[in-house]
Amino acid sequence: MKKLGGLILGIVVGAAAMYYYCSMEYDVVDSMVPISQPKGLISPKEIKVLTEAYNPRYDSISSQFFRGVEGGDNRSSWYSLDELNNYLAYAQAQADTLQYTMTGVRLYLGAHPNEGDTAGYTTILFAPTGYPNKSKGSLLNFKFQGGGDLPGGDGLDHGSSGKPPGANYPQ
């Protein structure tokens, strides 16, 4: 009987400790995660240089396809932070469903179809990238590249255009 009482007491104390441990809320403190400077970061001055270097291409496209259209073709797309975060979470979940490891997104330039006599505006499209979840029998991961576009992965479009559409950096 002594052994049974000790066993029951141990189970009750263990259950109480587990309940207390599991019911605690753990807050992840953002300040604990170090923020590192991304690769490829450029200054506003460099952004201005790059967008101005695009001017001859933009002028060529606008003069050929957007003759008489006020503001010309679209030069930028704007997406809210909520839209981008939601898309990245959605794409990650879709990659998991498709049995891929998502490694990033690729940005494509595209254009909406012409509507009547009006040429479709240029747009920027996001496409998820990654590689298939296949075991190669190796302990080391040699997937240093971002991978290809995910077959069947949904992209993101329909950002807001510049105001006016042809406005250069900064807006």
# chains A, B, ... in the order shown; residues from 1 in each chain; ligands from 1
$ residues_around --residues "Asp117 in chain A" --least-positions-apart "4" --cutoff "12 Å" --atoms "only C-alpha atoms" --output "list in words"
Phe65, Phe66, Arg67, Gly68, Val69 and Pro113 of chain A
$ select_by_dssp --residues "chain A" --states "strand (DSSP E)" --output "list in words"
Ser77, Trp78, Tyr100, Thr101, Met102, Thr103, Gly104, Val105, Arg106, Leu107, Tyr108, Leu109, Gly110, Ala111, Thr122, Thr123, Ile124, Leu125, Phe126, Ala127, Pro128, Thr129, Gly130, Tyr131, Pro132, Gly148, Asp149, Ser160 and Ser161 of chain A
$ residues_around --residues "Thr101 in chain A" --least-positions-apart "6" --cutoff "9 Å" --atoms "only C-alpha atoms" --output "list in words"
Gln92, Ala95, Thr129, Gly130, Tyr131, Pro132 and Asn133 of chain A
$ residues_around --residues "Tyr108 in chain A" --least-positions-apart "2" --cutoff "7 Å" --atoms "only C-alpha atoms" --output "list in words"
Arg106, Gly110, Ile124, Leu125 and Phe126 of chain A
$ atom_distance --atom1 "CA of Lys48 in chain A" --atom2 "CA of Gln171 in chain A"
11.0 Å
$ atom_distance --atom1 "CA of Ser80 in chain A" --atom2 "CA of Gly159 in chain A"
8.3 Å
$ closest_residue --among "A:Val49, A:Ala91, A:Ile61, A:Val13" --to "Tyr121 in chain A" --atoms "only C-alpha atoms"
A:Ile61
$ atom_distance --atom1 "CA of Gly71 in chain A" --atom2 "CA of Gly166 in chain A"
5.3 Å
$ select_by_dssp --residues "chain A" --states "helix (DSSP H, G or I)" --output "ChimeraX atom specification"
/A:2-23,30-32,44-53,55-65,81-97
$ closest_residue --among "A:Pro165, A:Gly116, A:Pro34, A:Gly152" --to "Arg75 in chain A" --atoms "only C-alpha atoms"
A:Pro165
$ decode --residues "range 49-69 of chain A" --atoms "N, CA and C atoms" --output "PDB file, in the first residue's frame"
ATOM      1  N   VAL A  49      19.644  56.188 -59.170  1.00  0.00           N
ATOM      2  CA  VAL A  49      20.525  55.934 -60.328  1.00  0.00           C
ATOM      3  C   VAL A  49      19.962  54.794 -61.177  1.00  0.00           C
ATOM      4  N   LEU A  50      19.547  53.703 -60.534  1.00  0.00           N
ATOM      5  CA  LEU A  50      19.035  52.543 -61.276  1.00  0.00           C
ATOM      6  C   LEU A  50      17.718  52.853 -61.989  1.00  0.00           C
ATOM      7  N   THR A  51      16.820  53.585 -61.329  1.00  0.00           N
ATOM      8  CA  THR A  51      15.545  53.900 -61.983  1.00  0.00           C
ATOM      9  C   THR A  51      15.741  54.904 -63.112  1.00  0.00           C
ATOM     10  N   GLU A  52      16.705  55.816 -62.972  1.00  0.00           N
ATOM     11  CA  GLU A  52      16.985  56.751 -64.058  1.00  0.00           C
ATOM     12  C   GLU A  52      17.657  56.035 -65.233  1.00  0.00           C
ATOM     13  N   ALA A  53      18.440  54.991 -64.951  1.00  0.00           N
ATOM     14  CA  ALA A  53      19.065  54.211 -66.024  1.00  0.00           C
ATOM     15  C   ALA A  53      18.009  53.443 -66.820  1.00  0.00           C
ATOM     16  N   TYR A  54      16.857  53.220 -66.211  1.00  0.00           N
ATOM     17  CA  TYR A  54      15.752  52.531 -66.886  1.00  0.00           C
ATOM     18  C   TYR A  54      14.974  53.484 -67.798  1.00  0.00           C
ATOM     19  N   ASN A  55      15.142  54.775 -67.640  1.00  0.00           N
ATOM     20  CA  ASN A  55      14.376  55.770 -68.403  1.00  0.00           C
ATOM     21  C   ASN A  55      14.364  55.527 -69.911  1.00  0.00           C
ATOM     22  N   PRO A  56      15.501  55.260 -70.580  1.00  0.00           N
ATOM     23  CA  PRO A  56      15.447  55.040 -72.036  1.00  0.00           C
ATOM     24  C   PRO A  56      14.549  53.855 -72.422  1.00  0.00           C
ATOM     25  N   ARG A  57      14.598  52.782 -71.659  1.00  0.00           N
ATOM     26  CA  ARG A  57      13.727  51.629 -71.941  1.00  0.00           C
ATOM     27  C   ARG A  57      12.264  52.002 -71.730  1.00  0.00           C
ATOM     28  N   TYR A  58      12.019  52.694 -70.627  1.00  0.00           N
ATOM     29  CA  TYR A  58      10.653  53.101 -70.321  1.00  0.00           C
ATOM     30  C   TYR A  58      10.120  54.026 -71.415  1.00  0.00           C
ATOM     31  N   ASP A  59      10.925  54.997 -71.820  1.00  0.00           N
ATOM     32  CA  ASP A  59      10.499  55.936 -72.864  1.00  0.00           C
ATOM     33  C   ASP A  59      10.209  55.206 -74.172  1.00  0.00           C
ATOM     34  N   SER A  60      11.031  54.222 -74.502  1.00  0.00           N
ATOM     35  CA  SER A  60      10.829  53.443 -75.723  1.00  0.00           C
ATOM     36  C   SER A  60       9.506  52.673 -75.671  1.00  0.00           C
ATOM     37  N   ILE A  61       9.234  52.032 -74.554  1.00  0.00           N
ATOM     38  CA  ILE A  61       7.985  51.278 -74.390  1.00  0.00           C
ATOM     39  C   ILE A  61       6.792  52.223 -74.409  1.00  0.00           C
ATOM     40  N   SER A  62       6.873  53.289 -73.641  1.00  0.00           N
ATOM     41  CA  SER A  62       5.739  54.219 -73.552  1.00  0.00           C
ATOM     42  C   SER A  62       5.450  54.898 -74.877  1.00  0.00           C
ATOM     43  N   SER A  63       6.503  55.286 -75.607  1.00  0.00           N
ATOM     44  CA  SER A  63       6.266  55.979 -76.874  1.00  0.00           C
ATOM     45  C   SER A  63       5.666  55.041 -77.918  1.00  0.00           C
ATOM     46  N   GLN A  64       5.958  53.757 -77.826  1.00  0.00           N
ATOM     47  CA  GLN A  64       5.441  52.812 -78.808  1.00  0.00           C
ATOM     48  C   GLN A  64       4.042  52.306 -78.447  1.00  0.00           C
ATOM     49  N   PHE A  65       3.817  51.962 -77.176  1.00  0.00           N
ATOM     50  CA  PHE A  65       2.568  51.318 -76.793  1.00  0.00           C
ATOM     51  C   PHE A  65       1.587  52.224 -76.049  1.00  0.00           C
ATOM     52  N   PHE A  66       2.067  53.331 -75.497  1.00  0.00           N
ATOM     53  CA  PHE A  66       1.208  54.187 -74.687  1.00  0.00           C
ATOM     54  C   PHE A  66       1.131  55.611 -75.232  1.00  0.00           C
ATOM     55  N   ARG A  67       1.243  55.738 -76.536  1.00  0.00           N
ATOM     56  CA  ARG A  67       1.147  57.033 -77.187  1.00  0.00           C
ATOM     57  C   ARG A  67      -0.241  57.619 -76.893  1.00  0.00           C
ATOM     58  N   GLY A  68      -0.279  58.805 -76.341  1.00  0.00           N
ATOM     59  CA  GLY A  68      -1.546  59.472 -76.063  1.00  0.00           C
ATOM     60  C   GLY A  68      -2.173  59.081 -74.733  1.00  0.00           C
ATOM     61  N   VAL A  69      -1.582  58.155 -73.982  1.00  0.00           N
ATOM     62  CA  VAL A  69      -2.118  57.763 -72.678  1.00  0.00           C
ATOM     63  C   VAL A  69      -1.469  58.640 -71.618  1.00  0.00           C
TER      64      VAL A  69
END
